[in-house]
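Okay, structure first, notes after.
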Amino acid sequence: MTNIHRAAGADLVRDFALPIPSKVICEMLGVPYKDHEMFQLDSQVLMSFEADEVSRGAASQRLEAYLGELIRQRIAEPQGDLLSRLIARSNDTDRPLEVGEPATLSVLQLVTGHETTANMITPGMLMLLENPGKPAELRADPDLIGTAVEELLCYLPVIQFGLLRHATQDVTIGGIEVKAGEWLVAAVLSGNRDESVFPSSDTLDLGRQVRTNPAFGFGAHVRIGRHLARIELQVALSTLLRRIPELRPAEPLAQSEFKRNDIVYGLQSMRVTW
């Protein structure tokens, strides 16, 4: 936060939203942050619908090789990070993990642990700044940040594509019969604007008590990092509003460039000034 506050303008994506969750997940896993440019570039390839299979495969292999080497180091010299704890837990079982298994798991944690949160910080802040009175509302009542984050996650989720689900038995949904073996597509955006669950859903209501939030999945598919993501969003957004109360977009919303061909929706960049 110190560097961003010295200037009169910045790119909120590059200078704030991406570094924060990247540093957090690196510290938790035990990944050196000095290597962040490498894994961020490969993460972007894995998240892009435009990347071909060869590029995606190469990016995945580079990340698995990188994390595999870190895991070998932790096997030799355990530390207090998640990689070391995962190795220690596996050693206590009847089937210790091979290096490839925790490497694959760690790629998933590293990529999703920073991409989704980073991409939610900037649209979340943009929605607050584009709705007059909302930043002042949060400054006047800092305890509102918890419900505000839940509202933003529903109002503009970063996972916007349909979720595939496979019917294991005959079921009736919304008056429509679905046979066992058929596929369904769950429209997350449509569900988030369901007036029977979220009254006046097109209005950004920071005090709304959200009963259920599909942003992190549901049931067996719920995201294991949801609590960390919530904390990061709460801290990032409330800190920006408190430390830089005059923060505002440097360009009109219509000129903002969004990620439209990535798994995770967000802003390519967000120029801000104060």
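In the structure tokens, the first chain shown is A, the next is B, and so on; residue numbers restart at 1 for each chain, and ligands run from 1 in the order shown.
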
Sorted per-residue table, segment 128-246 of chain A near segment 107-120 of chain A, closest atoms and distance, 8 Å, only C-alpha atoms, as JSON lines:
{"residue": "A:Leu153", "atom": "CA", "partner": "A:Met120", "partner_atom": "CA", "distance": 7.8}
{"residue": "A:Pro157", "atom": "CA", "partner": "A:Met120", "partner_atom": "CA", "distance": 7.5}
{"residue": "A:Val158", "atom": "CA", "partner": "A:Met120", "partner_atom": "CA", "distance": 6.1}
{"residue": "A:Gly225", "atom": "CA", "partner": "A:Gly113", "partner_atom": "CA", "distance": 7.2}
{"residue": "A:Ala229", "atom": "CA", "partner": "A:Thr117", "partner_atom": "CA", "distance": 6.0}
{"residue": "A:Glu232", "atom": "CA", "partner": "A:Thr117", "partner_atom": "CA", "distance": 7.5}
{"residue": "A:Leu233", "atom": "CA", "partner": "A:Thr117", "partner_atom": "CA", "distance": 7.1}

Could the residues in this selection be saved with N, CA, C and O atoms as a CSV table (one decimal), in the first residue's frame?
chain,number,residue,atom,x,y,z
A,153,LEU,N,-20.0,-10.2,-4.4
A,153,LEU,CA,-19.8,-11.5,-5.0
A,153,LEU,C,-21.0,-12.0,-5.7
A,153,LEU,O,-20.9,-12.7,-6.7
A,157,PRO,N,-20.2,-11.6,-10.0
A,157,PRO,CA,-19.2,-12.7,-9.7
A,157,PRO,C,-18.2,-12.9,-10.8
A,157,PRO,O,-18.4,-12.5,-12.0
A,158,VAL,N,-17.0,-13.3,-10.5
A,158,VAL,CA,-15.9,-13.5,-11.4
A,158,VAL,C,-16.0,-14.8,-12.2
A,158,VAL,O,-15.3,-14.9,-13.2
A,225,GLY,N,-11.0,-22.5,-0.4
A,225,GLY,CA,-10.4,-21.3,-0.1
A,225,GLY,C,-11.3,-20.1,0.1
A,225,GLY,O,-10.9,-19.0,0.1
A,229,ALA,N,-10.5,-16.1,0.8
A,229,ALA,CA,-10.9,-15.1,-0.3
A,229,ALA,C,-11.7,-14.0,0.4
A,229,ALA,O,-11.6,-12.8,0.0
A,232,GLU,N,-9.5,-11.6,2.4
A,232,GLU,CA,-8.7,-10.8,1.5
A,232,GLU,C,-9.5,-9.7,0.9
A,232,GLU,O,-9.0,-8.5,0.8
A,233,LEU,N,-10.7,-10.0,0.4
A,233,LEU,CA,-11.6,-9.0,-0.2
A,233,LEU,C,-12.0,-7.9,0.8
A,233,LEU,O,-12.0,-6.7,0.5

Practice problem: Can you pull out every residue within 12 Å of segment 83-100 of chain A, counting only C-alpha atoms, but drop anything in the same chain fewer than 4 positions away, and send it as JSON, numbers by chain? | Solution: {"A": [25, 26, 27, 28, 29, 30, 31, 61, 63, 64, 65, 66, 67, 68, 69, 70, 71, 72, 73, 74, 75, 76, 77, 78, 79, 104, 105, 106, 107, 109, 110]}

How would the residues just chosen look if you wrote them out with N, CA and C atoms as a PDB file, in the first residue's frame?
ATOM      1  N   ILE A  25      -0.890 -16.197  -0.993  1.00  0.00           N
ATOM      2  CA  ILE A  25      -0.860 -17.625  -1.307  1.00  0.00           C
ATOM      3  C   ILE A  25       0.580 -18.134  -1.365  1.00  0.00           C
ATOM      4  N   CYS A  26       1.517 -17.285  -1.794  1.00  0.00           N
ATOM      5  CA  CYS A  26       2.927 -17.686  -1.799  1.00  0.00           C
ATOM      6  C   CYS A  26       3.410 -17.949  -0.380  1.00  0.00           C
ATOM      7  N   GLU A  27       3.085 -17.052   0.535  1.00  0.00           N
ATOM      8  CA  GLU A  27       3.519 -17.216   1.923  1.00  0.00           C
ATOM      9  C   GLU A  27       2.903 -18.453   2.547  1.00  0.00           C
ATOM     10  N   MET A  28       1.631 -18.707   2.245  1.00  0.00           N
ATOM     11  CA  MET A  28       0.962 -19.870   2.823  1.00  0.00           C
ATOM     12  C   MET A  28       1.551 -21.178   2.299  1.00  0.00           C
ATOM     13  N   LEU A  29       1.756 -21.245   0.976  1.00  0.00           N
ATOM     14  CA  LEU A  29       2.274 -22.477   0.382  1.00  0.00           C
ATOM     15  C   LEU A  29       3.768 -22.661   0.618  1.00  0.00           C
ATOM     16  N   GLY A  30       4.486 -21.527   0.726  1.00  0.00           N
ATOM     17  CA  GLY A  30       5.934 -21.600   0.841  1.00  0.00           C
ATOM     18  C   GLY A  30       6.623 -21.398  -0.492  1.00  0.00           C
ATOM     19  N   VAL A  31       5.930 -20.691  -1.405  1.00  0.00           N
ATOM     20  CA  VAL A  31       6.478 -20.390  -2.728  1.00  0.00           C
ATOM     21  C   VAL A  31       7.169 -19.032  -2.684  1.00  0.00           C
ATOM     22  N   GLN A  61       2.879 -27.957 -17.218  1.00  0.00           N
ATOM     23  CA  GLN A  61       4.099 -28.718 -16.962  1.00  0.00           C
ATOM     24  C   GLN A  61       5.155 -27.863 -16.266  1.00  0.00           C
ATOM     25  N   LEU A  63       4.654 -25.281 -14.289  1.00  0.00           N
ATOM     26  CA  LEU A  63       4.249 -25.049 -12.903  1.00  0.00           C
ATOM     27  C   LEU A  63       4.439 -26.310 -12.057  1.00  0.00           C
ATOM     28  N   GLU A  64       4.074 -27.464 -12.605  1.00  0.00           N
ATOM     29  CA  GLU A  64       4.232 -28.709 -11.848  1.00  0.00           C
ATOM     30  C   GLU A  64       5.705 -29.024 -11.612  1.00  0.00           C
ATOM     31  N   ALA A  65       6.546 -28.749 -12.586  1.00  0.00           N
ATOM     32  CA  ALA A  65       7.982 -28.985 -12.417  1.00  0.00           C
ATOM     33  C   ALA A  65       8.551 -28.044 -11.359  1.00  0.00           C
ATOM     34  N   TYR A  66       8.137 -26.789 -11.402  1.00  0.00           N
ATOM     35  CA  TYR A  66       8.600 -25.790 -10.434  1.00  0.00           C
ATOM     36  C   TYR A  66       8.189 -26.169  -9.013  1.00  0.00           C
ATOM     37  N   LEU A  67       6.909 -26.505  -8.846  1.00  0.00           N
ATOM     38  CA  LEU A  67       6.419 -26.856  -7.510  1.00  0.00           C
ATOM     39  C   LEU A  67       6.942 -28.227  -7.074  1.00  0.00           C
ATOM     40  N   GLY A  68       7.164 -29.121  -8.026  1.00  0.00           N
ATOM     41  CA  GLY A  68       7.740 -30.420  -7.687  1.00  0.00           C
ATOM     42  C   GLY A  68       9.122 -30.269  -7.071  1.00  0.00           C
ATOM     43  N   GLU A  69       9.915 -29.334  -7.612  1.00  0.00           N
ATOM     44  CA  GLU A  69      11.244 -29.080  -7.065  1.00  0.00           C
ATOM     45  C   GLU A  69      11.145 -28.494  -5.661  1.00  0.00           C
ATOM     46  N   LEU A  70      10.187 -27.587  -5.446  1.00  0.00           N
ATOM     47  CA  LEU A  70       9.984 -27.040  -4.099  1.00  0.00           C
ATOM     48  C   LEU A  70       9.598 -28.134  -3.105  1.00  0.00           C
ATOM     49  N   ILE A  71       8.768 -29.061  -3.564  1.00  0.00           N
ATOM     50  CA  ILE A  71       8.335 -30.156  -2.691  1.00  0.00           C
ATOM     51  C   ILE A  71       9.521 -31.044  -2.326  1.00  0.00           C
ATOM     52  N   ARG A  72      10.390 -31.306  -3.273  1.00  0.00           N
ATOM     53  CA  ARG A  72      11.591 -32.097  -2.960  1.00  0.00           C
ATOM     54  C   ARG A  72      12.451 -31.385  -1.918  1.00  0.00           C
ATOM     55  N   GLN A  73      12.538 -30.063  -2.029  1.00  0.00           N
ATOM     56  CA  GLN A  73      13.286 -29.290  -1.036  1.00  0.00           C
ATOM     57  C   GLN A  73      12.638 -29.403   0.345  1.00  0.00           C
ATOM     58  N   ARG A  74      11.293 -29.374   0.379  1.00  0.00           N
ATOM     59  CA  ARG A  74      10.586 -29.462   1.662  1.00  0.00           C
ATOM     60  C   ARG A  74      10.694 -30.854   2.266  1.00  0.00           C
ATOM     61  N   ILE A  75      10.780 -31.863   1.420  1.00  0.00           N
ATOM     62  CA  ILE A  75      10.974 -33.234   1.934  1.00  0.00           C
ATOM     63  C   ILE A  75      12.322 -33.318   2.638  1.00  0.00           C
ATOM     64  N   ALA A  76      13.325 -32.688   2.047  1.00  0.00           N
ATOM     65  CA  ALA A  76      14.663 -32.697   2.641  1.00  0.00           C
ATOM     66  C   ALA A  76      14.748 -31.782   3.852  1.00  0.00           C
ATOM     67  N   GLU A  77      14.126 -30.595   3.757  1.00  0.00           N
ATOM     68  CA  GLU A  77      14.178 -29.612   4.846  1.00  0.00           C
ATOM     69  C   GLU A  77      12.785 -29.021   5.064  1.00  0.00           C
ATOM     70  N   PRO A  78      11.959 -29.667   5.892  1.00  0.00           N
ATOM     71  CA  PRO A  78      10.598 -29.173   6.137  1.00  0.00           C
ATOM     72  C   PRO A  78      10.610 -27.785   6.781  1.00  0.00           C
ATOM     73  N   GLN A  79       9.585 -26.981   6.436  1.00  0.00           N
ATOM     74  CA  GLN A  79       9.405 -25.671   7.040  1.00  0.00           C
ATOM     75  C   GLN A  79       7.981 -25.580   7.591  1.00  0.00           C
ATOM     76  N   THR A 104       0.614 -31.384  -8.321  1.00  0.00           N
ATOM     77  CA  THR A 104      -0.625 -31.077  -9.040  1.00  0.00           C
ATOM     78  C   THR A 104      -1.591 -30.315  -8.149  1.00  0.00           C
ATOM     79  N   LEU A 105      -1.733 -30.740  -6.902  1.00  0.00           N
ATOM     80  CA  LEU A 105      -2.601 -30.044  -5.953  1.00  0.00           C
ATOM     81  C   LEU A 105      -2.121 -28.616  -5.714  1.00  0.00           C
ATOM     82  N   SER A 106      -0.816 -28.461  -5.627  1.00  0.00           N
ATOM     83  CA  SER A 106      -0.242 -27.143  -5.344  1.00  0.00           C
ATOM     84  C   SER A 106      -0.426 -26.184  -6.513  1.00  0.00           C
ATOM     85  N   VAL A 107      -0.375 -26.711  -7.748  1.00  0.00           N
ATOM     86  CA  VAL A 107      -0.642 -25.864  -8.916  1.00  0.00           C
ATOM     87  C   VAL A 107      -2.057 -25.302  -8.823  1.00  0.00           C
ATOM     88  N   GLN A 109      -3.879 -24.889  -6.131  1.00  0.00           N
ATOM     89  CA  GLN A 109      -3.963 -23.925  -5.037  1.00  0.00           C
ATOM     90  C   GLN A 109      -3.289 -22.607  -5.397  1.00  0.00           C
ATOM     91  N   LEU A 110      -2.148 -22.688  -6.049  1.00  0.00           N
ATOM     92  CA  LEU A 110      -1.399 -21.480  -6.398  1.00  0.00           C
ATOM     93  C   LEU A 110      -2.163 -20.634  -7.416  1.00  0.00           C
TER      94      LEU A 110
END

Quiz item: Got a sec: who's within 10 Å of segment 182-196 of chain A, counting only C-alpha atoms, leaving out chain neighbours fewer than 3 positions off, as a PyMOL selection string?
Solution: chain A and resi 151+153-170+178-179+199-203+212-215+217

Practice problem: Please indicate the distance in Å from atom CA of Lys34 of chain A to atom CA of Leu241 of chain A, rounded to one decimal place. | Solution: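 For atom CA of Lys34 of chain A relative to atom CA of Leu241 of chain A, the distance reads 28.4 Å.
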
Self-check item: Residues of segment 16-186 of chain A in strand (DSSP E), written as a PyMOL selection string
Solution: chain A and resi 163-166+171-173+176-178+183-186

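Take atom CA of Ala250 of chain A and atom CA of Met270 of chain A: the distance between them is 8.0 Å.
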
Show me, as a CSV table (one decimal) with C-alpha atoms, in the first residue's frame, the residues that have an atom within 12 Å of Thr122 of chain A when counting only C-alpha atoms, minus same-chain residues fewer than 2 positions from it.
chain,number,residue,atom,x,y,z
A,11,ASP,CA,-3.1,0.6,-12.3
A,12,LEU,CA,-5.2,-1.0,-9.5
A,13,VAL,CA,-4.9,-4.4,-11.1
A,14,ARG,CA,-1.1,-4.4,-11.6
A,15,ASP,CA,-0.2,-2.4,-8.5
A,16,PHE,CA,-2.6,-3.7,-5.9
A,17,ALA,CA,-5.2,-6.3,-6.8
A,18,LEU,CA,-2.7,-8.9,-8.2
A,115,GLU,CA,-6.4,-15.4,-9.8
A,116,THR,CA,-10.0,-15.4,-8.5
A,117,THR,CA,-9.4,-13.0,-5.6
A,118,ALA,CA,-7.3,-10.6,-7.7
A,119,ASN,CA,-9.9,-10.4,-10.4
A,120,MET,CA,-12.7,-9.8,-7.8
A,124,GLY,CA,-15.7,-4.9,-6.6
A,125,MET,CA,-14.0,-1.5,-6.1
A,126,LEU,CA,-15.2,-0.3,-9.5
A,127,MET,CA,-18.8,-1.1,-8.5
A,128,LEU,CA,-18.4,0.7,-5.3
A,129,LEU,CA,-17.0,3.8,-7.0
A,130,GLU,CA,-19.7,3.7,-9.7
A,152,LEU,CA,-20.5,-7.8,-4.5
A,153,LEU,CA,-19.8,-11.5,-5.0
A,156,LEU,CA,-20.8,-9.2,-10.1
A,157,PRO,CA,-19.2,-12.7,-9.7
A,158,VAL,CA,-15.9,-13.5,-11.4
A,233,LEU,CA,-11.6,-9.0,-0.2
A,236,ALA,CA,-8.3,-5.0,0.5
A,237,LEU,CA,-11.5,-3.0,-0.2
A,240,LEU,CA,-8.4,1.2,-0.1
A,248,ARG,CA,-11.7,7.4,-8.3
A,249,PRO,CA,-11.4,5.8,-11.8
A,256,SER,CA,-12.7,-0.1,-19.2
A,257,GLU,CA,-11.3,-3.3,-20.8
A,258,PHE,CA,-12.7,-6.5,-19.3
A,259,LYS,CA,-11.5,-10.1,-19.6
A,265,TYR,CA,-13.9,-12.5,-15.3
A,266,GLY,CA,-12.3,-9.2,-14.4
A,267,LEU,CA,-10.5,-6.1,-15.6
A,268,GLN,CA,-7.4,-6.2,-17.8
A,269,SER,CA,-6.4,-3.0,-16.1
A,270,MET,CA,-8.0,-0.3,-14.0
A,271,ARG,CA,-6.4,3.1,-14.0
A,272,VAL,CA,-7.2,5.1,-10.9

Quiz item: Which of segment 47-224 of chain A counts as alpha helix (DSSP H) under DSSP, as a count of residues only please?
Solution: 89

Practice problem: Find the residues near Ile145 of chain A: any atom within 9 Å, counting only C-alpha atoms, skip ones fewer than 6 places away on the same chain, and give them as a list in words. | Solution: Leu138, Leu206, Gly207, Gln234, Val235, Leu237 and Ser238 of chain A

Can those selected residues be exported to a file as a compact mmCIF listing (two decimals), in the first residue's frame so that it contains N, CA and C atoms?
# COMPACT_ATOMS: atom_id res chain seq x y z
N LEU A 138 -19.60 2.74 3.52
CA LEU A 138 -18.67 1.80 4.13
C LEU A 138 -17.71 2.49 5.08
N LEU A 206 -25.48 -2.91 0.13
CA LEU A 206 -24.34 -3.37 0.92
C LEU A 206 -24.76 -3.97 2.26
N GLY A 207 -25.96 -3.74 2.69
CA GLY A 207 -26.42 -4.31 3.96
C GLY A 207 -27.28 -5.54 3.80
N GLN A 234 -12.31 -8.36 2.02
CA GLN A 234 -12.71 -7.41 3.06
C GLN A 234 -11.56 -6.46 3.41
N VAL A 235 -10.38 -7.02 3.59
CA VAL A 235 -9.22 -6.20 3.96
C VAL A 235 -8.81 -5.28 2.81
N LEU A 237 -10.54 -4.10 0.12
CA LEU A 237 -11.49 -3.05 -0.21
C LEU A 237 -11.61 -2.01 0.90
N SER A 238 -11.69 -2.47 2.15
CA SER A 238 -11.83 -1.52 3.26
C SER A 238 -10.56 -0.68 3.43

Practice problem: Go ahead and compute the interatomic distance for atom CA of Thr239 of chain A and atom CA of Gln255 of chain A, in Å to one decimal. | Solution: 25.8 Å
